[in-house]
file work11.cif (mmCIF, C-alpha atoms and all ligand atoms)
data_run
#
loop_
_atom_site.label_atom_id
_atom_site.label_comp_id
_atom_site.auth_asym_id
_atom_site.auth_seq_id
_atom_site.Cartn_x
_atom_site.Cartn_y
_atom_site.Cartn_z
CA MET A 1127 -56.08 -15.48 5.05
CA HIS A 1128 -56.36 -19.04 3.89
CA LYS A 1129 -54.64 -19.93 0.60
CA LEU A 1130 -54.98 -22.85 -1.79
CA ILE A 1131 -52.38 -24.46 -4.05
CA ILE A 1132 -53.68 -26.89 -6.65
CA ALA A 1133 -51.41 -29.26 -8.57
CA ASN A 1134 -52.82 -29.94 -12.03
CA TRP A 1135 -50.96 -32.93 -13.43
CA LYS A 1136 -52.79 -32.79 -16.79
CA GLU A 1137 -52.02 -35.90 -18.90
CA ASN A 1138 -49.09 -36.98 -16.69
CA PRO A 1139 -47.37 -39.17 -15.62
CA VAL A 1140 -47.68 -42.19 -17.90
CA THR A 1141 -47.59 -44.99 -15.32
CA GLU A 1142 -49.33 -45.68 -12.04
CA ARG A 1143 -45.98 -46.28 -10.36
CA ARG A 1144 -44.80 -42.80 -11.25
CA ALA A 1145 -48.12 -41.26 -10.26
CA LEU A 1146 -47.88 -42.81 -6.81
CA ALA A 1147 -44.24 -41.77 -6.43
CA LEU A 1148 -45.12 -38.19 -7.40
CA PHE A 1149 -48.03 -38.14 -4.99
CA ARG A 1150 -45.90 -39.46 -2.11
CA ALA A 1151 -43.23 -36.85 -2.80
CA THR A 1152 -45.88 -34.11 -2.98
CA ALA A 1153 -47.51 -35.15 0.28
CA ALA A 1154 -44.12 -35.36 2.02
CA ALA A 1155 -43.15 -31.91 0.70
CA ALA A 1156 -46.44 -30.42 1.92
CA ARG A 1157 -45.82 -31.85 5.38
CA ARG A 1158 -42.17 -30.69 5.50
CA SER A 1159 -43.06 -27.19 4.37
CA ARG A 1160 -45.64 -26.91 7.16
CA ALA A 1161 -48.04 -25.57 4.56
CA ALA A 1162 -51.08 -26.40 6.69
CA ALA A 1163 -49.71 -24.48 9.68
CA ALA A 1164 -49.08 -21.54 7.33
CA GLY A 1165 -52.76 -21.62 6.31
CA ILE A 1166 -52.18 -23.24 2.92
CA SER A 1167 -54.28 -26.15 1.65
CA VAL A 1168 -52.78 -28.33 -1.06
CA ALA A 1169 -54.80 -30.36 -3.55
CA VAL A 1170 -53.60 -32.75 -6.24
CA CYS A 1171 -55.50 -33.36 -9.49
CA PRO A 1172 -54.20 -36.53 -11.20
CA PRO A 1173 -55.66 -38.00 -14.40
CA PHE A 1174 -58.90 -39.99 -13.82
CA VAL A 1175 -57.12 -43.33 -14.15
CA PHE A 1176 -54.92 -42.69 -11.12
CA LEU A 1177 -57.55 -41.17 -8.83
CA GLU A 1178 -58.38 -44.39 -7.08
CA GLN A 1179 -54.77 -45.35 -6.37
CA VAL A 1180 -53.88 -41.85 -5.20
CA ALA A 1181 -57.01 -41.80 -3.00
CA GLY A 1182 -55.91 -45.08 -1.42
CA GLU A 1183 -52.46 -43.68 -0.72
CA LEU A 1184 -53.99 -40.51 0.68
CA ARG A 1185 -56.17 -42.40 3.14
CA ARG A 1186 -53.05 -43.96 4.63
CA LEU A 1187 -51.62 -40.54 5.53
CA LYS A 1188 -52.23 -38.79 8.82
CA PRO A 1189 -53.70 -35.27 8.53
CA PRO A 1190 -52.82 -32.71 7.41
CA ARG A 1191 -52.78 -34.32 3.99
CA PRO A 1192 -53.38 -33.03 0.47
CA ALA A 1193 -56.92 -33.06 -0.88
CA LEU A 1194 -57.85 -34.86 -4.07
CA GLY A 1195 -59.27 -33.28 -7.22
CA ALA A 1196 -60.21 -34.29 -10.75
CA GLN A 1197 -59.44 -32.42 -13.96
CA ASP A 1198 -62.90 -32.59 -15.52
CA VAL A 1199 -66.46 -33.80 -14.93
CA PHE A 1200 -69.37 -34.55 -17.26
CA TRP A 1201 -72.67 -32.73 -16.81
CA GLU A 1202 -74.89 -35.82 -16.62
CA GLU A 1203 -74.86 -38.03 -13.55
CA LYS A 1204 -74.84 -41.30 -15.51
CA GLY A 1205 -76.01 -42.86 -18.75
CA PRO A 1206 -74.96 -43.51 -22.33
CA HIS A 1207 -72.07 -41.02 -22.55
CA THR A 1208 -69.07 -43.02 -23.68
CA GLY A 1209 -65.82 -41.92 -22.09
CA GLU A 1210 -67.37 -39.57 -19.55
CA VAL A 1211 -67.15 -39.48 -15.75
CA GLY A 1212 -69.78 -38.00 -13.42
CA GLY A 1213 -69.49 -35.96 -10.24
CA LYS A 1214 -70.95 -38.63 -7.98
CA MET A 1215 -68.31 -41.07 -9.20
CA LEU A 1216 -65.61 -38.55 -8.33
CA ARG A 1217 -67.07 -37.91 -4.89
CA ALA A 1218 -67.22 -41.65 -4.25
CA LEU A 1219 -63.48 -41.83 -4.93
CA GLY A 1220 -62.86 -39.12 -2.38
CA ALA A 1221 -62.38 -36.16 -4.72
CA GLU A 1222 -63.20 -32.81 -3.16
CA TYR A 1223 -62.26 -30.56 -6.07
CA VAL A 1224 -62.74 -30.57 -9.82
CA ILE A 1225 -61.22 -28.29 -12.45
CA VAL A 1226 -63.83 -26.99 -14.88
CA GLY A 1227 -63.29 -25.09 -18.11
CA HIS A 1228 -59.50 -25.29 -18.32
CA SER A 1229 -58.28 -23.42 -21.43
CA GLU A 1230 -56.71 -26.63 -22.77
CA ARG A 1231 -60.17 -28.25 -22.75
CA ARG A 1232 -61.69 -25.14 -24.30
CA ARG A 1233 -59.07 -25.39 -27.02
CA TRP A 1234 -58.60 -29.10 -27.72
CA MET A 1235 -62.05 -30.43 -26.81
CA HIS A 1236 -63.84 -27.31 -28.06
CA GLU A 1237 -65.64 -26.87 -24.76
CA THR A 1238 -68.04 -23.97 -24.95
CA ASP A 1239 -69.12 -21.70 -22.10
CA ALA A 1240 -72.55 -23.37 -22.25
CA ALA A 1241 -70.97 -26.81 -21.71
CA ILE A 1242 -68.74 -25.43 -18.94
CA ASN A 1243 -71.80 -23.94 -17.25
CA ARG A 1244 -73.48 -27.36 -17.24
CA LYS A 1245 -70.34 -29.02 -15.87
CA LEU A 1246 -70.04 -26.39 -13.16
CA LYS A 1247 -73.62 -27.01 -12.06
CA ARG A 1248 -73.05 -30.77 -12.03
CA ALA A 1249 -69.93 -30.36 -9.90
CA LEU A 1250 -71.77 -28.17 -7.40
CA THR A 1251 -74.85 -30.40 -7.30
CA ASP A 1252 -72.65 -33.36 -6.53
CA GLY A 1253 -70.92 -31.58 -3.65
CA LEU A 1254 -67.58 -30.84 -5.33
CA ARG A 1255 -65.63 -27.59 -5.09
CA ALA A 1256 -65.34 -26.34 -8.66
CA ILE A 1257 -62.21 -24.59 -9.88
CA LEU A 1258 -63.54 -22.58 -12.78
CA CYS A 1259 -60.76 -21.50 -15.15
CA VAL A 1260 -61.01 -18.27 -17.10
CA GLY A 1261 -58.46 -16.13 -18.91
CA GLU A 1262 -57.81 -14.20 -22.08
CA PRO A 1263 -55.71 -15.27 -25.08
CA ALA A 1264 -52.64 -13.31 -26.16
CA ALA A 1265 -54.41 -11.45 -28.95
CA VAL A 1266 -56.91 -10.01 -26.48
CA ARG A 1267 -54.28 -9.05 -23.93
CA ARG A 1268 -52.28 -7.23 -26.61
CA LYS A 1269 -55.23 -4.85 -26.92
CA GLY A 1270 -54.81 -3.94 -23.26
CA ILE A 1271 -56.04 -4.69 -19.75
CA ALA A 1272 -59.54 -3.35 -20.42
CA SER A 1273 -59.98 -5.86 -23.25
CA ALA A 1274 -58.73 -8.69 -21.04
CA ARG A 1275 -61.18 -7.70 -18.31
CA HIS A 1276 -64.04 -7.60 -20.74
CA PHE A 1277 -63.11 -11.04 -22.11
CA VAL A 1278 -62.96 -12.54 -18.61
CA GLU A 1279 -66.20 -10.87 -17.56
CA VAL A 1280 -68.05 -12.35 -20.54
CA GLN A 1281 -66.63 -15.82 -19.84
CA LEU A 1282 -67.64 -15.61 -16.19
CA LYS A 1283 -71.14 -14.42 -16.95
CA LYS A 1284 -71.78 -17.37 -19.27
CA ASP A 1285 -69.98 -19.95 -17.12
CA ILE A 1286 -71.80 -19.19 -13.88
CA ARG A 1287 -75.26 -18.54 -15.32
CA GLY A 1288 -78.00 -19.84 -13.03
CA ILE A 1289 -76.03 -20.30 -9.83
CA ARG A 1290 -76.89 -16.93 -8.30
CA GLY A 1291 -78.37 -17.27 -4.85
CA THR A 1292 -77.62 -20.99 -4.50
CA ALA A 1293 -75.85 -22.20 -1.37
CA ALA A 1294 -73.48 -24.15 -3.61
CA ALA A 1295 -72.14 -20.91 -5.13
CA ARG A 1296 -69.79 -20.75 -2.14
CA ARG A 1297 -68.03 -23.80 -3.54
CA VAL A 1298 -66.94 -22.00 -6.72
CA ILE A 1299 -63.27 -21.02 -6.86
CA VAL A 1300 -62.09 -19.06 -9.91
CA ALA A 1301 -58.65 -19.64 -11.42
CA TYR A 1302 -57.48 -16.69 -13.49
CA GLU A 1303 -55.14 -18.18 -16.06
CA PRO A 1304 -54.18 -15.96 -18.98
CA VAL A 1305 -53.91 -18.43 -21.87
CA TRP A 1306 -50.59 -16.98 -23.04
CA ALA A 1307 -49.04 -17.63 -19.62
CA ILE A 1308 -49.86 -21.34 -19.40
CA GLY A 1309 -46.83 -23.56 -19.85
CA THR A 1310 -44.90 -20.78 -21.58
CA GLY A 1311 -42.71 -19.33 -18.82
CA LYS A 1312 -44.29 -15.94 -19.65
CA ARG A 1313 -46.15 -15.31 -16.42
CA ASP A 1314 -48.49 -12.41 -15.76
CA LYS A 1315 -47.14 -9.56 -13.64
CA PRO A 1316 -48.24 -10.18 -10.04
CA GLU A 1317 -49.81 -6.72 -9.79
CA ASP A 1318 -51.80 -7.27 -13.00
CA ALA A 1319 -52.95 -10.72 -11.80
CA ALA A 1320 -53.97 -9.21 -8.46
CA ALA A 1321 -55.91 -6.44 -10.17
CA MET A 1322 -57.70 -9.03 -12.30
CA ALA A 1323 -58.46 -11.13 -9.19
CA ALA A 1324 -59.98 -8.08 -7.50
CA PHE A 1325 -61.97 -7.35 -10.64
CA ILE A 1326 -63.30 -10.95 -10.74
CA LYS A 1327 -64.40 -10.73 -7.10
CA ARG A 1328 -66.15 -7.38 -7.67
CA SER A 1329 -67.79 -8.53 -10.83
CA LEU A 1330 -69.14 -11.78 -9.35
CA ARG A 1331 -70.34 -10.06 -6.21
CA LYS A 1332 -72.42 -7.84 -8.46
CA THR A 1333 -73.69 -10.40 -10.96
CA ALA A 1334 -73.83 -13.60 -8.93
CA GLY A 1335 -74.13 -12.44 -5.35
CA PHE A 1336 -70.85 -13.88 -4.10
CA ALA A 1337 -67.15 -13.03 -4.18
CA PRO A 1338 -65.20 -16.22 -4.91
CA ARG A 1339 -61.67 -17.10 -3.95
CA VAL A 1340 -59.44 -16.37 -6.95
CA LEU A 1341 -56.28 -18.30 -7.79
CA TYR A 1342 -53.64 -17.29 -10.31
CA GLY A 1343 -52.33 -19.85 -12.80
CA GLY A 1344 -49.75 -19.63 -15.59
CA SER A 1345 -46.04 -20.49 -15.25
CA VAL A 1346 -46.05 -20.43 -11.45
CA ASP A 1347 -42.92 -22.07 -9.99
CA GLY A 1348 -40.79 -22.22 -6.87
CA LYS A 1349 -39.05 -18.97 -7.71
CA ASN A 1350 -42.12 -16.83 -8.33
CA ILE A 1351 -44.92 -18.26 -6.13
CA ARG A 1352 -44.07 -15.80 -3.38
CA ASP A 1353 -44.83 -12.83 -5.67
CA TYR A 1354 -48.42 -14.04 -6.06
CA ILE A 1355 -49.29 -15.69 -2.79
CA SER A 1356 -48.19 -12.73 -0.71
CA LEU A 1357 -50.77 -10.48 -2.38
CA LYS A 1358 -54.05 -10.32 -0.55
CA GLU A 1359 -56.22 -10.34 -3.69
CA ILE A 1360 -54.77 -13.70 -4.79
CA ASP A 1361 -56.02 -16.70 -2.83
CA GLY A 1362 -53.55 -19.23 -4.18
CA ALA A 1363 -52.24 -20.82 -7.36
CA LEU A 1364 -53.11 -23.43 -9.96
CA VAL A 1365 -49.83 -25.07 -10.89
CA GLY A 1366 -49.20 -27.24 -13.96
CA GLY A 1367 -45.61 -27.94 -15.06
CA ALA A 1368 -43.95 -27.22 -11.70
CA SER A 1369 -46.24 -29.74 -9.94
CA LEU A 1370 -44.75 -32.57 -12.02
CA ARG A 1371 -41.22 -32.09 -10.72
CA ALA A 1372 -41.21 -33.19 -7.11
CA GLY A 1373 -38.20 -31.06 -6.12
CA GLU A 1374 -39.59 -27.97 -7.80
CA PHE A 1375 -43.00 -28.41 -6.18
CA ALA A 1376 -41.33 -28.87 -2.79
CA ASP A 1377 -39.48 -25.56 -3.32
CA LEU A 1378 -42.76 -23.97 -4.33
CA LEU A 1379 -44.50 -25.14 -1.15
CA ASP A 1380 -41.56 -24.03 1.01
CA ALA A 1381 -41.57 -20.58 -0.59
CA ALA A 1382 -45.36 -20.27 -0.29
CA SER A 1383 -45.34 -21.29 3.37
CA ALA A 1384 -42.61 -18.77 4.17
CA ALA A 1385 -44.09 -15.92 2.13
CA PRO A 1386 -45.27 -12.79 3.91
CA ARG A 1387 -49.00 -12.20 3.65
CA GLY A 1388 -51.52 -9.55 2.98
CA LYS A 1389 -49.54 -7.11 0.88
CA ASN A 1390 -51.68 -4.92 -1.33
CA LYS A 1391 -50.90 -5.02 -5.02
P1 LIG A 1401 -48.45 -24.17 -15.97
O1 LIG A 1401 -50.00 -24.60 -16.13
O2 LIG A 1401 -48.20 -24.00 -14.49
O3 LIG A 1401 -47.66 -25.28 -16.57
O4 LIG A 1401 -48.29 -22.87 -16.70
C1 LIG A 1401 -50.98 -24.02 -15.34
C2 LIG A 1401 -52.32 -24.62 -15.69
O5 LIG A 1401 -52.54 -24.97 -16.85
O6 LIG A 1401 -53.19 -24.76 -14.82
#

call {"tool": "encode", "arguments": {"input": "work11.cif", "output": "structure tokens", "more": "lines below"}}
Ligand code: PGA
result
Amino acid sequence: MHKLIIANWKENPVTERRALALFRATAAAARRSRAAAAGISVAVCPPFVFLEQVAGELRRLKPPRPALGAQDVFWEEKGPHTGEVGGKMLRALGAEYVIVGHSERRRWMHETDAAINRKLKRALTDGLRAILCVGEPAAVRRKGIASARHFVEVQLKKDIRGIRGTAAARRVIVAYEPVWAIGTGKRDKPEDAAAMAAFIKRSLRKTAGFAPRVLYGGSVDGKNIRDYISLKEIDGALVGGASLRAGEFADLLDAASAAPRGKNK
């Protein structure tokens, strides 16, 4: 089964020089790990300002090479929307993926499910693969797995409204990222993440007519990637902090490429 590992650089690094160095190290690590031969695609999502330079660097590499993604997209194609970037612009730069609805944007930019739904539709209309992020906060998880499932189900329902039956629905990838696990070192138990991934697939098959690929995100690193990627319900990982340290990300790709596959949770 094909797997996907996405590096989400967030607001890092600070300079173009470092961004290019990190990208080169990432691409070299992906090649060394033989990720492609192991059925693993790697994508890198730098900040908007570095997309063009990273895309240029990427074009100079022989395949297999990492794919390019953005961290956000606006819902209008163009117009008077100061500070925003549209999907067609991202496609023109060579981006294939875009992250939509990350919990940090829900929190700091107050993105609502309605706004995320519009962004998702824009991404799909413009031919991007959308990585839709969902996940429950700590207070919800403390009430139990059933509460977390309900929270995620409600998010999904609102975020994917209106895409049922469209051909583009196939380009939706869901990232299950419990908010309390992001950047905290407190990762979800692999078996709980796998059960949630299976639940997300079942729930979307019922409500939206398709079962998406589901990634896990939240404190994934070189030491624990194997626990997730070897489970058949989990189609890959969305990686933040560990994707910023070239050595750590190389270890992560090595471990993922060597991991056994298809274990049930
Ligand atoms: P983390 O972030 O790997 O640093 O926990 C994951 C994410 O926010 O996508």

call {"tool": "residues_near_ligand", "arguments": {"input": "work11.cif", "ligand": "ligand LIG 1401 (chain A)", "cutoff": "7 Å", "atoms": "all atoms listed in the file", "output": "PyMOL selection string"}}
result
chain A and resi 1134+1303+1307-1311+1343-1346+1364-1368

call {"tool": "atom_distance", "arguments": {"input": "work11.cif", "atom1": "CA of Leu1219 in chain A", "atom2": "CA of Ile1299 in chain A"}}
result
20.9 Å

call {"tool": "closest_atom_pairs", "arguments": {"input": "work11.cif", "of": "range 1280-1369 of chain A", "to": "range 1233-1248 of chain A", "cutoff": "6 Å", "atoms": "only C-alpha atoms", "output": "CSV"}}
result
residue,atom,partner,partner_atom,distance
A:Lys1284,CA,A:Asp1239,CA,5.8
A:Asp1285,CA,A:Asn1243,CA,4.4
A:Ile1286,CA,A:Asn1243,CA,5.8

call {"tool": "closest_residue", "arguments": {"input": "work11.cif", "among": "A:Leu1184, A:Arg1160, A:Pro1316, A:Tyr1342", "to": "Val1260 in chain A", "atoms": "only C-alpha atoms"}}
result
A:Tyr1342

call {"tool": "closest_residue", "arguments": {"input": "work11.cif", "among": "A:Arg1157, A:His1128, A:Tyr1223, A:Ser1273", "to": "Ile1355 in chain A", "atoms": "all atoms listed in the file"}}
result
A:His1128

call {"tool": "atom_distance", "arguments": {"input": "work11.cif", "atom1": "CA of Phe1149 in chain A", "atom2": "CA of Leu1379 in chain A"}}
result
14.0 Å

call {"tool": "closest_residue", "arguments": {"input": "work11.cif", "among": "A:Arg1144, A:Lys1136, A:Lys1204, A:Arg1150", "to": "Phe1174 in chain A", "atoms": "all atoms listed in the file"}}
result
A:Lys1136

call {"tool": "closest_residue", "arguments": {"input": "work11.cif", "among": "A:Leu1370, A:Ala1265, A:Leu1254, A:Val1199", "to": "Ala1221 in chain A", "atoms": "only C-alpha atoms"}}
result
A:Leu1254

call {"tool": "residues_around", "arguments": {"input": "work11.cif", "residues": "Ile1166 in chain A", "least_positions_apart": "2", "cutoff": "12 Å", "atoms": "only C-alpha atoms", "output": "PyMOL selection string"}}
result
chain A and resi 1127-1132+1156-1157+1159-1164+1168-1169+1190-1193+1355-1356+1361-1363+1378-1385+1387

call {"tool": "write_last_selection", "arguments": {"input": "work11.cif", "atoms": "C-alpha atoms", "output": "PDB file, in the frame of the given file"}}
result
ATOM      1  CA  MET A1127     -56.080 -15.480   5.050  1.00  0.00           C
ATOM      2  CA  HIS A1128     -56.360 -19.040   3.890  1.00  0.00           C
ATOM      3  CA  LYS A1129     -54.640 -19.930   0.600  1.00  0.00           C
ATOM      4  CA  LEU A1130     -54.980 -22.850  -1.790  1.00  0.00           C
ATOM      5  CA  ILE A1131     -52.380 -24.460  -4.050  1.00  0.00           C
ATOM      6  CA  ILE A1132     -53.680 -26.890  -6.650  1.00  0.00           C
ATOM      7  CA  ALA A1156     -46.440 -30.420   1.920  1.00  0.00           C
ATOM      8  CA  ARG A1157     -45.820 -31.850   5.380  1.00  0.00           C
ATOM      9  CA  SER A1159     -43.060 -27.190   4.370  1.00  0.00           C
ATOM     10  CA  ARG A1160     -45.640 -26.910   7.160  1.00  0.00           C
ATOM     11  CA  ALA A1161     -48.040 -25.570   4.560  1.00  0.00           C
ATOM     12  CA  ALA A1162     -51.080 -26.400   6.690  1.00  0.00           C
ATOM     13  CA  ALA A1163     -49.710 -24.480   9.680  1.00  0.00           C
ATOM     14  CA  ALA A1164     -49.080 -21.540   7.330  1.00  0.00           C
ATOM     15  CA  VAL A1168     -52.780 -28.330  -1.060  1.00  0.00           C
ATOM     16  CA  ALA A1169     -54.800 -30.360  -3.550  1.00  0.00           C
ATOM     17  CA  PRO A1190     -52.820 -32.710   7.410  1.00  0.00           C
ATOM     18  CA  ARG A1191     -52.780 -34.320   3.990  1.00  0.00           C
ATOM     19  CA  PRO A1192     -53.380 -33.030   0.470  1.00  0.00           C
ATOM     20  CA  ALA A1193     -56.920 -33.060  -0.880  1.00  0.00           C
ATOM     21  CA  ILE A1355     -49.290 -15.690  -2.790  1.00  0.00           C
ATOM     22  CA  SER A1356     -48.190 -12.730  -0.710  1.00  0.00           C
ATOM     23  CA  ASP A1361     -56.020 -16.700  -2.830  1.00  0.00           C
ATOM     24  CA  GLY A1362     -53.550 -19.230  -4.180  1.00  0.00           C
ATOM     25  CA  ALA A1363     -52.240 -20.820  -7.360  1.00  0.00           C
ATOM     26  CA  LEU A1378     -42.760 -23.970  -4.330  1.00  0.00           C
ATOM     27  CA  LEU A1379     -44.500 -25.140  -1.150  1.00  0.00           C
ATOM     28  CA  ASP A1380     -41.560 -24.030   1.010  1.00  0.00           C
ATOM     29  CA  ALA A1381     -41.570 -20.580  -0.590  1.00  0.00           C
ATOM     30  CA  ALA A1382     -45.360 -20.270  -0.290  1.00  0.00           C
ATOM     31  CA  SER A1383     -45.340 -21.290   3.370  1.00  0.00           C
ATOM     32  CA  ALA A1384     -42.610 -18.770   4.170  1.00  0.00           C
ATOM     33  CA  ALA A1385     -44.090 -15.920   2.130  1.00  0.00           C
ATOM     34  CA  ARG A1387     -49.000 -12.200   3.650  1.00  0.00           C
TER      35      ARG A1387
END

call {"tool": "closest_residue", "arguments": {"input": "work11.cif", "among": "A:Gly1288, A:Gly1261, A:Gly1348, A:Gly1270", "to": "Ala1323 in chain A", "atoms": "all atoms listed in the file"}}
result
A:Gly1261

call {"tool": "residues_around", "arguments": {"input": "work11.cif", "residues": "Ile1360 in chain A", "least_positions_apart": "2", "cutoff": "6 Å", "atoms": "all atoms listed in the file", "output": "number ranges by chain"}}
result
A: 1320, 1340-1341, 1357-1358, 1362

call {"tool": "residues_around", "arguments": {"input": "work11.cif", "residues": "Ala1274 in chain A", "least_positions_apart": "2", "cutoff": "10 Å", "atoms": "only C-alpha atoms", "output": "ChimeraX atom specification"}}
result
/A:1261-1272,1276-1279,1304,1322

call {"tool": "atom_distance", "arguments": {"input": "work11.cif", "atom1": "CA of Glu1137 in chain A", "atom2": "CA of Leu1258 in chain A"}}
result
18.6 Å

call {"tool": "residues_around", "arguments": {"input": "work11.cif", "residues": "Gly1253 in chain A", "least_positions_apart": "2", "cutoff": "10 Å", "atoms": "only C-alpha atoms", "output": "PyMOL selection string"}}
result
chain A and resi 1213-1214+1216-1217+1221-1223+1247-1251+1255-1256+1294+1297

call {"tool": "residues_near_point", "arguments": {"input": "work11.cif", "point": "(-72.0, -12.5, -1.9)", "cutoff": "12 Å", "atoms": "all atoms listed in the file", "output": "list in words"}}
result
Ile1289, Arg1290, Gly1291, Thr1292, Ala1293, Ala1294, Ala1295, Arg1296, Val1298, Lys1327, Arg1328, Ser1329, Leu1330, Arg1331, Lys1332, Thr1333, Ala1334, Gly1335, Phe1336, Ala1337, Pro1338 and Arg1339 of chain A

call {"tool": "write_last_selection", "arguments": {"input": "work11.cif", "atoms": "C-alpha atoms", "output": "PDB file, keeping the file's coordinate frame"}}
result
ATOM      1  CA  ILE A1289     -76.030 -20.300  -9.830  1.00  0.00           C
ATOM      2  CA  ARG A1290     -76.890 -16.930  -8.300  1.00  0.00           C
ATOM      3  CA  GLY A1291     -78.370 -17.270  -4.850  1.00  0.00           C
ATOM      4  CA  THR A1292     -77.620 -20.990  -4.500  1.00  0.00           C
ATOM      5  CA  ALA A1293     -75.850 -22.200  -1.370  1.00  0.00           C
ATOM      6  CA  ALA A1294     -73.480 -24.150  -3.610  1.00  0.00           C
ATOM      7  CA  ALA A1295     -72.140 -20.910  -5.130  1.00  0.00           C
ATOM      8  CA  ARG A1296     -69.790 -20.750  -2.140  1.00  0.00           C
ATOM      9  CA  VAL A1298     -66.940 -22.000  -6.720  1.00  0.00           C
ATOM     10  CA  LYS A1327     -64.400 -10.730  -7.100  1.00  0.00           C
ATOM     11  CA  ARG A1328     -66.150  -7.380  -7.670  1.00  0.00           C
ATOM     12  CA  SER A1329     -67.790  -8.530 -10.830  1.00  0.00           C
ATOM     13  CA  LEU A1330     -69.140 -11.780  -9.350  1.00  0.00           C
ATOM     14  CA  ARG A1331     -70.340 -10.060  -6.210  1.00  0.00           C
ATOM     15  CA  LYS A1332     -72.420  -7.840  -8.460  1.00  0.00           C
ATOM     16  CA  THR A1333     -73.690 -10.400 -10.960  1.00  0.00           C
ATOM     17  CA  ALA A1334     -73.830 -13.600  -8.930  1.00  0.00           C
ATOM     18  CA  GLY A1335     -74.130 -12.440  -5.350  1.00  0.00           C
ATOM     19  CA  PHE A1336     -70.850 -13.880  -4.100  1.00  0.00           C
ATOM     20  CA  ALA A1337     -67.150 -13.030  -4.180  1.00  0.00           C
ATOM     21  CA  PRO A1338     -65.200 -16.220  -4.910  1.00  0.00           C
ATOM     22  CA  ARG A1339     -61.670 -17.100  -3.950  1.00  0.00           C
TER      23      ARG A1339
END

call {"tool": "build_atoms", "arguments": {"input": "work11.cif", "residues": "range 1262-1273 of chain A", "atoms": "N, CA and C atoms", "output": "compact mmCIF listing (two decimals), in the frame of the given file"}}
result
# COMPACT_ATOMS: atom_id res chain seq x y z
N GLU A 1262 -57.78 -14.71 -20.71
CA GLU A 1262 -57.81 -14.20 -22.08
C GLU A 1262 -56.64 -14.73 -22.90
N PRO A 1263 -56.83 -14.91 -24.20
CA PRO A 1263 -55.71 -15.27 -25.08
C PRO A 1263 -54.80 -14.07 -25.34
N ALA A 1264 -53.64 -14.35 -25.93
CA ALA A 1264 -52.64 -13.31 -26.16
C ALA A 1264 -53.17 -12.16 -27.00
N ALA A 1265 -53.94 -12.49 -28.04
CA ALA A 1265 -54.41 -11.45 -28.95
C ALA A 1265 -55.28 -10.44 -28.22
N VAL A 1266 -56.04 -10.91 -27.26
CA VAL A 1266 -56.91 -10.01 -26.48
C VAL A 1266 -56.06 -9.16 -25.54
N ARG A 1267 -55.10 -9.79 -24.88
CA ARG A 1267 -54.28 -9.05 -23.93
C ARG A 1267 -53.47 -7.95 -24.62
N ARG A 1268 -53.06 -8.23 -25.87
CA ARG A 1268 -52.28 -7.23 -26.61
C ARG A 1268 -53.07 -5.94 -26.79
N LYS A 1269 -54.40 -6.06 -26.77
CA LYS A 1269 -55.23 -4.85 -26.92
C LYS A 1269 -55.32 -4.07 -25.61
N GLY A 1270 -54.83 -4.68 -24.52
CA GLY A 1270 -54.81 -3.94 -23.26
C GLY A 1270 -55.60 -4.63 -22.15
N ILE A 1271 -55.42 -4.11 -20.94
CA ILE A 1271 -56.04 -4.69 -19.75
C ILE A 1271 -57.57 -4.61 -19.82
N ALA A 1272 -58.07 -3.51 -20.36
CA ALA A 1272 -59.54 -3.35 -20.42
C ALA A 1272 -60.15 -4.45 -21.27
N SER A 1273 -59.48 -4.79 -22.38
CA SER A 1273 -59.98 -5.86 -23.25
C SER A 1273 -59.94 -7.20 -22.52
